[in-house]
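**Student:** Supplied in structure tokens, the structure appears directly below.
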Amino acid sequence: MKGGNNYTFRGRHISLALVGLVLFTTILWTWERNPIATTLRSAQEWYHIPSEFPAEVPVDSVGATKLDKGMEKSLIPIRENKTEPKLDFEGATAADSIPAESPEIQYNQDVRSSSRSEVCNYAKGRWVADNRRPLYSGFNCKQWLSSMWSCRMTQRPDFSFEGYSWRPEKCDMPEFDRSIFLRKMQDKTIAFIGDSLGRQQFQSLMCMATGGEQSPEVQNVGWEYGLVKPRGAIRPDGWAYRFPKTNTTILYYWSASLCDLEPLNVTDKQTNIAMHLDRPPAFMRRFLHRFDVLVLNTGHHWNRGKLNANRWVMHVNGKLNEDKKIAQIANAKNLTIYSVVRWLDLQLVSHTRLKAFFRTISPRHFFNGDWNTGGSCDNTIPLTNGSEILQQGSSDPIIEGALKGTKIKILDITAISQLRDEAHMSRYTIRGTLNSSDCLHWCLPGIPDTWNELLVAQI
């Protein structure tokens with residue numbers, strides 16, 4: 001009997017130990033998935049910054065993220081994953097994209113999809129033939145669409161690229177309806193800030209929202225944002241239009257690098273421009289409180305040719321950059337992206353109605369050379385490289401890594417656009433056929449319309 005009691009006693013202890021282990025495992029499992037727990041993680045894990053980057057970056061009064069001397073010395077050049085598609089830059093050779101002297105350091109090896117498993121991955125799906133396309137007429141949308149991007153106005157003979165739509169896997173993405181869109185955007189402002197690909201997305205949305213028709217009732221309100229054409233300038237720094245019935249405003253501001261640009265000598269038209277890598281554009285800092293939706297992009301101006309042509313000189317912490325590691329294009333670009341994302345994520349705490357997106361890079365499709373060495377994109381057959389995207393993560397790991405753990409959403413268009421090499425402007429312009437090809441910008445109507453459909457579905 002004593003022996004039996006002893007075994008019973010031990011059995012109870014084992015049972016209690018098992019129960020405790022199960023409870024501990026359950027609590028730990030719940031904690032790992034608890035959003036409250038996520039906020040308590042270290043800044044380095046929160047921003048998914050490589051160990052060479054500092055965990056804390058102070059923000060000054062004008063929105064620049066300050067780097068101390070230790071931080072400036074710690075930047076390591078970044079090597080793109082060799083399995084990703086070639087995403088080089090406008091006006092750049094492949095050697096411009098990543099410095100040749102960059103050490104062999106793998107960056108963002110463990111980058112995963114920025115969306116949780118229960119959230120729709122709009123970048124995963126397939127292109128399908130759609131006889132309801134295009135969403136507007138390139139002939140009729142002259143009020144908003146630049147003639148150089150309206151391929152229907154050129155001598156291009158084929159337009160089969162217009163007849164496809166993107167169908168995300170396991171996602172509810174209803175067909176775009178401009179009336180529904182404007183009602184949902186009532187009293188709201190949508191702002192695009194970025195390079196000329198951002199301008200294409202802006203013009204695309206204007207055509208989509210008006211149906212591509214002349215709309216004299218739409219008001220030009222660029223003056224409210226200082227977007228007026230300076231004397232002697234080719235064009236203003238951006239545009240802003242308001243739909244009076246719904247009080248919806250759509251605007252675009254040109255900021256190809258997403259850096260704050262400041263003339264070093266305001267009285268000299270040929271002066272160099274301070275390119276503050278750690279400071280968001282002054283326009284964004286000034287008008288952020290007026291935006292309800294913000295879409296950022298950058299990428300194709302990050303090459304030596306563009307920097308030299310624009311007379312941009314890198315500055316960090318308000319001073320001329322003298323660190324050779326920061327001066328390397330890949331490092332300068334990534335420092336800017338992380339700085340802008342960090343600043344914007346902090347602002348979202350006090351701008352609770354703002355929905356912010358960072359669009360991934362739009363791919364180029366130059367074959368057999370570059371833009372200035374005879375490269376072309378003469379394919380006219382849609383989807384010759386496939387129609388489906390199965391990958392879970394983004395083909396732009398830099399943007400995906402910078403956004404991880406923030407409240408800024410990724411507008412992931414890289415992989416789906418990579419399949420559409422036939423939809424660029426190619427060799428056709430409003431003046432006819434040229435020897436050079438534009439395999440960077442897209443025909444409109446075209447691929448940027450799909451970007452906007454993905455945006456509207458996620459707003």
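FYI, nothing fancy with the structure tokens labels: chains A, B, ... in order, residues from 1 per chain, ligands from 1 as they appear.
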Would you pick out the contacts of Leu411 (chain A) at 10 Å or less, using only C-alpha atoms, so that residues sharing its chain but fewer than 2 positions from it are not included, and give the list as a list in words?
**Tutor:** Tyr122, Ala123, Val295, Leu296, Asn297, Ala356, Phe357, Phe358, Arg359, Thr360, Ile361, Ser394, Ile399, Glu400, Ile408, Lys409, Ile413, Thr414, Trp451, Asn452, Leu454, Leu455 and Gln458 of chain A
**Student:** DSSP says strand (DSSP E or B) for which residues of region 150-283 of chain A? Put them as a VMD selection string?
**Tutor:** chain A and resid 164 to 168 189 to 194 219 to 220 238 to 243 248 to 254 260 to 263 273 to 276
**Student:** Could you jot down the CA of Ala274 (chain A) to CA of Glu262 (chain A) separation for me, Å, one decimal place?
**Tutor:**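 CA of Glu262 (chain A) lies 5.0 Å from CA of Ala274 (chain A).
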**Student:** Please run DSSP on the backbone and report, as a VMD selection string, all residues within region 172-360 of chain A that come out as helix (DSSP H, G or I).
**Tutor:** chain A and resid 178 to 184 196 to 210 222 to 225 282 to 290 304 to 310 324 to 327 329 to 347
**Student:** Quick one: everything within 9 Å of region 242-259 of chain A, counting only C-alpha atoms, minus sequence neighbours fewer than 2 positions away in the same chain. Send it as a ChimeraX atom specification.
**Tutor:** /A:182-196,198-199,202-203,205-206,217-222,227,236-240,261,275-284,296-302,333,336-337,340
